[in-house]
Amino acid sequence: MSKDIFWEEDLVRYPTKRPFFKEQSIWAVWVYRFGRRVDAKQPGIRRHLYTILYWFLFRFVETLTGISLPKSSNIGPGLRIWHFGGIFIHPDVEIGKNCTLRQGVTIGNRVENGPVPVVGTDVDFGAYAQALGGIRIGNGCKIGAMSLVLCDVPDGATAVGVPARIILPTLPIKQ
């Protein structure tokens, strides 16, 4: 398979030399990127065989780590997952580059077949945070631990609480 620039950027976010031996979350990220590469292949027997391998690896890693990153979701480069376990991403979710997820994060719909969030770049999700429904989370946002985000979050803001309230960044006062 050809070189995957997104995967290279994911690896940069893991500061250890051999993350496959030290960070179980990287397994799920690798399987996700593998699935995306498989889908980009030309239709044929090779793609079919790789797809079977992908589904086996996806279910195995999902069961082992508790991280579900379906290949149909659109996740930018530089994904970092801290503390694996209980992370579920809806298959239709879009996540920008350099985002961070922690244990227990859920990004998905509020009702069956409902809309899902669009997450910008450089977004940091705290442990057990949830973003649900057809919302947009802007670039550079921070989602607090155990927060339930049900509304749009503007660029650079922080969302905390259940339901989450938006805390806008304060600008320095010019004198």
# chains A, B, ... in the order shown; residues from 1 in each chain; ligands from 1

call {"tool": "residues_around", "arguments": {"residues": "A:Leu101", "least_positions_apart": "5", "cutoff": "12 Å", "atoms": "only C-alpha atoms", "output": "number ranges by chain"}}
result
A: 13, 25-26, 29, 67, 69, 75, 78-89, 95, 106-107, 119, 122-131, 142-145

call {"tool": "select_by_dssp", "arguments": {"residues": "chain A", "states": "alpha helix (DSSP H)", "output": "PyMOL selection string"}}
result
chain A and resi 5-12+19-22+25-40+45-65

call {"tool": "closest_residue", "arguments": {"among": "A:Val118, A:Val38, A:Ala28, A:Val111", "to": "A:Pro70", "atoms": "only C-alpha atoms"}}
result
A:Ala28

call {"tool": "residues_around", "arguments": {"residues": "A:Ile166", "least_positions_apart": "2", "cutoff": "12 Å", "atoms": "only C-alpha atoms", "output": "list in words"}}
result
Ile137, Gly138, Cys141, Lys142, Ile143, Gly144, Ser147, Leu148, Val149, Leu150, Cys151, Asp152, Val153, Pro154, Asp155, Gly156, Ala157, Thr158, Ala159, Val160, Gly161, Val162, Pro163, Ala164, Leu168 and Pro169 of chain A

call {"tool": "select_by_dssp", "arguments": {"residues": "chain A", "states": "strand (DSSP E)", "output": "VMD selection string"}}
result
chain A and resid 67 to 68 74 to 75 80 to 81 87 to 89 94 to 95 100 to 101 106 to 108 118 to 119 124 to 125 130 to 132 136 to 137 142 to 143 148 to 149 158 to 160 165 to 167

call {"tool": "residues_around", "arguments": {"residues": "A:Arg110", "least_positions_apart": "5", "cutoff": "8 Å", "atoms": "only C-alpha atoms", "output": "list in words"}}
result
Pro115, Val116, Leu132 and Gly133 of chain A

call {"tool": "write_last_selection", "arguments": {"atoms": "C-alpha atoms", "output": "short mmCIF file (atom, residue, chain, number, x, y, z; two decimals), in the first residue's frame"}}
result
data_model
loop_
_atom_site.label_atom_id
_atom_site.label_comp_id
_atom_site.auth_asym_id
_atom_site.auth_seq_id
_atom_site.Cartn_x
_atom_site.Cartn_y
_atom_site.Cartn_z
CA PRO A 115 -27.64 14.49 11.85
CA VAL A 116 -24.17 14.24 13.41
CA LEU A 132 -24.52 14.86 19.77
CA GLY A 133 -26.73 15.97 16.88
#

call {"tool": "atom_distance", "arguments": {"atom1": "atom CA of A:Thr51", "atom2": "atom CA of A:Glu8"}}
result
21.8 Å

call {"tool": "closest_residue", "arguments": {"among": "A:Gly134, A:Ile167, A:Thr100, A:Asn74", "to": "A:Asn113", "atoms": "only C-alpha atoms"}}
result
A:Gly134
